[in-house]
Amino acid sequence: MSKHLAILGGGPAGYVAASHAAALGARVSLIDPHPLGGTCLHRGCIPTKTLVESCNLLEKMRRAATYGLRLDGSLAADWVCLRDKAGQVIDLLERGIGGLMADRKVALIQGYGRILDGHHVRVGDGEPIHADAVLVCTGSSPVRPDNFPIDGDRVATSDDLLKWDTLPASLLIVGDGVVACEFAFILNALGVEVTVAGLGDRPLPFLDHEIAAVVWREMRKRRIEFLHGCPVESLEIGPGGVAALSGGRTVAGAERALVAVGRRPNSAGLGLAEAGVEPGPRGEIVTDDFLRASLPGLYAVGDVNGRLALAHAASAQARVAVEHALDMDPEPLDEAAIPWAVFTMPEIGCVGLSETAALERGHAVSCGRFDLRGLGKAQAMGELTGLAKVVADRVTGRLLGAHIIGAHASDMVHEAAVLIRQGATVHAITQTVHAHPTLSEALLEAAEDALGQAVHKPLKQGNAHAPTLS
């Protein structure tokens with residue numbers, strides 16, 4: 001008899017787990033009170049990237065003359081139409097997920113699941129559902145600080161913003177992470193005056209410092225004000241809008257505010273304490289490398305385990321957890337080789353160690369860089385902003401990290417992700433012929449630069465005979 005898996009949550013962790021388990025011959029019950037797709041589909045990745053694409057097109061149209069094109073008439077963004085376009089994409093993909101579940105004969109149960117133990121779940125007041133393993137894939141939600149008067153309108157989270165019927169003239173964004181920075185560029189492109197209050201010394205402080213520096217430079221070019229080292233202690237709603245207070249004084253104000261200070265695992269209300277599972281300090285369900293929780297039979301996958309708040313990481317974890325639950329002896333996930341994509345304008349793709357992180361881990365580092373404006377394809381596209389950077393171990397030549405900002409950076413980074421996972425050297429890039437003219441040549445040139453051999457940039461001072469990595 002095939003095993004039965006009960007899965008709580010239908011986002012990128014839950015529905016991928018259900019699909020994979022069913023394809024492997026398991027019987028699957030997928031439990032969720034909400035439509036399939038989770039935050040990523042309904043309030044995160046997909047709607048925001050749809051908006052980013054619209055904004056990129058809008059900005060290209062504003063630069064039409066530089067392409068030799070003439071646009072007659074007015075050019076304006078319609079927020080409601082943009083929002084509705086995102087809704088159409090959401091609906092299409094949601095139907096697609098539902099079709100996949102039906103194809104795999106996954107039993108969909110609408111309701112809130114509660115864990116009784118590692119093998120039993122109760123939905124509402126129903127009878128306990130027995131399973132050979134229970135996978136918790138309930139995701140995360142925006143952090144809502146108690147001292148911020150979040151009402152969804154004047155002070156909102158990312159969940160609320162996509163429901164707005166109108167855009168404000170000005171917006172204060174509290175936070176300096178992915179959500180904060182992506183919305184800063186989106187709203188700026190749509191004509192909103194944006195101020196970002198960041199806790200760190202630069203936007204996206206977890207990224208390589210040179211990539212973050214380009215983001216900050218682009219913010220300045222677009223007149224997005226970034227207040228660094230600005231811990232907002234409270235927000236006050238008044239007749240003139242929303243004011244941010246730090247150190248007892250007003251540091252910024254705008255018509256509305258977006259609170260983007262992180263996300264919290266959705267572990268409350270699952271019955272964890274009663275089942276004998278003690279959540280971690282942020283409410284996460286602590287897991288081992290196979291995504292097992294402390295309770296036998298229980299797995300936690302995706303944002304709820306607090307490991308990597310990335311939709312694609314959640315999907316990859318789902319496969320590992322399913323295969324382990326089905327006694328298939330999978331390999332643990334190599335989290336160091338999981339890429340990040342940040343859809344600022346321009347977008348970012350990165351994987352592996354930053355230069356700073358590599359130095360902190362004791363590597364003798366060699367870095368190579370190449371500006372996208374040096375590429376024929378970038379010139380032809382009119383997409384000159386950005387750079388590619390590789391981080392290599394100077395002694396062994398091993399590729400440690402790759403960081404790209406510019407057009408299609410999120411697509412280009414996967415070449416480096418494959419090589420990092422394989423433990424390859426930077427030579428694996430330089431010895432691979434890259435098609436011309438393409439944007440991917442930036443990574444090739446950056447890798448050559450790490451060896452002191454970049455063809456299309458000046459030699460480093462005193463580096464005419466730079467030694468290659470052994």
# chains A, B, ... in the order shown; residues from 1 in each chain; ligands from 1
$ residues_around --residues "A:Asp132" --least-positions-apart "5" --cutoff "9 Å" --atoms "only C-alpha atoms" --output "PyMOL selection string"
chain A and resi 3-6+118-120+297+325-326
$ write_last_selection --atoms "N, CA and C atoms" --output "JSON list (two decimals), in the first residue's frame"
[["chain", "number", "residue", "atom", "x", "y", "z"],
["A", 3, "LYS", "N", 2.23, 5.05, 0.63],
["A", 3, "LYS", "CA", 2.21, 5.91, 1.81],
["A", 3, "LYS", "C", 1.29, 7.10, 1.59],
["A", 4, "HIS", "N", 0.83, 7.64, 2.72],
["A", 4, "HIS", "CA", -0.06, 8.80, 2.68],
["A", 4, "HIS", "C", 0.65, 9.97, 3.34],
["A", 5, "LEU", "N", 0.75, 11.10, 2.63],
["A", 5, "LEU", "CA", 1.33, 12.31, 3.18],
["A", 5, "LEU", "C", 0.24, 13.36, 3.33],
["A", 6, "ALA", "N", 0.20, 14.00, 4.50],
["A", 6, "ALA", "CA", -0.69, 15.13, 4.74],
["A", 6, "ALA", "C", 0.16, 16.39, 4.72],
["A", 118, "GLY", "N", 2.93, 13.60, 14.85],
["A", 118, "GLY", "CA", 3.61, 13.50, 13.58],
["A", 118, "GLY", "C", 2.89, 12.67, 12.53],
["A", 119, "HIS", "N", 1.73, 12.10, 12.91],
["A", 119, "HIS", "CA", 1.00, 11.25, 11.97],
["A", 119, "HIS", "C", -0.49, 11.56, 11.90],
["A", 120, "HIS", "N", -0.92, 12.60, 12.62],
["A", 120, "HIS", "CA", -2.35, 12.92, 12.61],
["A", 120, "HIS", "C", -2.56, 14.43, 12.54],
["A", 297, "GLY", "N", 7.94, 11.95, 12.36],
["A", 297, "GLY", "CA", 6.90, 12.00, 11.33],
["A", 297, "GLY", "C", 6.58, 13.40, 10.84],
["A", 325, "ALA", "N", 10.59, 11.33, 3.46],
["A", 325, "ALA", "CA", 9.39, 10.73, 4.06],
["A", 325, "ALA", "C", 9.00, 9.43, 3.37],
["A", 326, "LEU", "N", 9.36, 9.31, 2.11],
["A", 326, "LEU", "CA", 9.04, 8.10, 1.35],
["A", 326, "LEU", "C", 10.22, 7.12, 1.32]]
$ residues_around --residues "stretch 278-295 of chain A" --least-positions-apart "5" --cutoff "6 Å" --atoms "only C-alpha atoms" --output "ChimeraX atom specification"
/A:118,265,273,300,304-306,321,332
$ atom_distance --atom1 "atom CA of A:Asp303" --atom2 "atom CA of A:Ser140"
5.6 Å
$ residues_around --residues "A:Ala314" --least-positions-apart "6" --cutoff "8 Å" --atoms "only C-alpha atoms" --output "mmCIF file with C-alpha atoms, in the first residue's frame"
data_model
loop_
_atom_site.group_PDB
_atom_site.id
_atom_site.type_symbol
_atom_site.label_atom_id
_atom_site.label_comp_id
_atom_site.auth_asym_id
_atom_site.auth_seq_id
_atom_site.Cartn_x
_atom_site.Cartn_y
_atom_site.Cartn_z
ATOM 1 C CA PRO A 12 5.501 26.852 -3.424
ATOM 2 C CA ALA A 13 6.495 24.363 -0.710
ATOM 3 C CA VAL A 301 9.324 23.052 4.618
ATOM 4 C CA GLY A 302 9.725 26.586 3.287
ATOM 5 C CA ASP A 303 9.455 29.881 5.152
ATOM 6 C CA LEU A 308 15.726 30.458 3.536
#
$ closest_residue --among "A:Ala454, A:Ala252, A:Met345, A:Ile46" --to "A:Glu59" --atoms "only C-alpha atoms"
A:Met345
$ residues_around --residues "A:Thr438" --least-positions-apart "6" --cutoff "9 Å" --atoms "only C-alpha atoms" --output "PyMOL selection string"
chain A and resi 375-378
$ residues_around --residues "A:Ala260" --least-positions-apart "3" --cutoff "6 Å" --atoms "only C-alpha atoms" --output "count of residues only"
3
$ closest_residue --among "A:Ile173, A:Leu245, A:Ala428, A:Leu272" --to "A:Glu225" --atoms "only C-alpha atoms"
A:Ile173
$ residues_around --residues "A:Gly11" --least-positions-apart "6" --cutoff "7 Å" --atoms "only C-alpha atoms" --output "list of chain:residue names"
A:Leu36, A:Gly37, A:Gly38, A:Thr39
$ atom_distance --atom1 "atom CA of A:Ile109" --atom2 "atom CA of A:Lys85"
29.0 Å
$ select_by_dssp --residues "stretch 343-445 of chain A" --states "alpha helix (DSSP H)" --output "ChimeraX atom specification"
/A:355-360,376-381,409-412,414-422,427-430,441-445
$ select_by_dssp --residues "stretch 211-351 of chain A" --states "strand (DSSP E or B)" --output "number ranges by chain"
A: 225-227, 234-238, 241-246, 249-254, 256-259, 263-265, 292, 298-300, 340-342, 348-351
$ write_last_selection --atoms "C-alpha atoms" --output "short mmCIF file (atom, residue, chain, number, x, y, z; two decimals), in the first residue's frame"
data_model
loop_
_atom_site.label_atom_id
_atom_site.label_comp_id
_atom_site.auth_asym_id
_atom_site.auth_seq_id
_atom_site.Cartn_x
_atom_site.Cartn_y
_atom_site.Cartn_z
CA GLU A 225 15.68 59.03 -0.97
CA PHE A 226 17.44 56.39 1.12
CA LEU A 227 17.89 57.18 4.82
CA SER A 234 7.17 54.45 15.61
CA LEU A 235 4.81 55.79 12.98
CA GLU A 236 2.22 58.47 13.62
CA ILE A 237 -0.80 59.14 11.43
CA GLY A 238 -1.82 62.77 11.20
CA GLY A 241 0.01 61.91 6.30
CA VAL A 242 2.33 59.53 8.14
CA ALA A 243 5.41 60.58 10.12
CA ALA A 244 8.31 58.31 11.07
CA LEU A 245 9.97 58.90 14.43
CA SER A 246 13.49 57.87 15.40
CA ARG A 249 12.25 63.16 16.43
CA THR A 250 10.52 63.05 13.07
CA VAL A 251 12.92 61.79 10.42
CA ALA A 252 10.60 61.38 7.43
CA GLY A 253 7.03 61.75 6.33
CA ALA A 254 4.77 60.89 3.43
CA ARG A 256 1.25 56.80 3.22
CA ALA A 257 3.72 54.29 4.62
CA LEU A 258 4.71 50.75 3.68
CA VAL A 259 6.08 48.61 6.50
CA ARG A 263 8.50 38.26 7.63
CA ARG A 264 7.48 35.89 10.42
CA PRO A 265 6.89 32.12 10.05
CA ARG A 292 12.58 16.83 9.91
CA LEU A 298 6.73 15.81 11.19
CA TYR A 299 8.54 17.87 8.54
CA ALA A 300 8.63 21.65 8.09
CA TRP A 340 18.91 34.90 -5.05
CA ALA A 341 16.94 37.09 -7.42
CA VAL A 342 15.99 40.63 -6.47
CA ILE A 348 19.95 41.33 -9.35
CA GLY A 349 21.05 37.71 -9.48
CA CYS A 350 23.57 36.33 -7.01
CA VAL A 351 24.77 33.00 -5.66
#
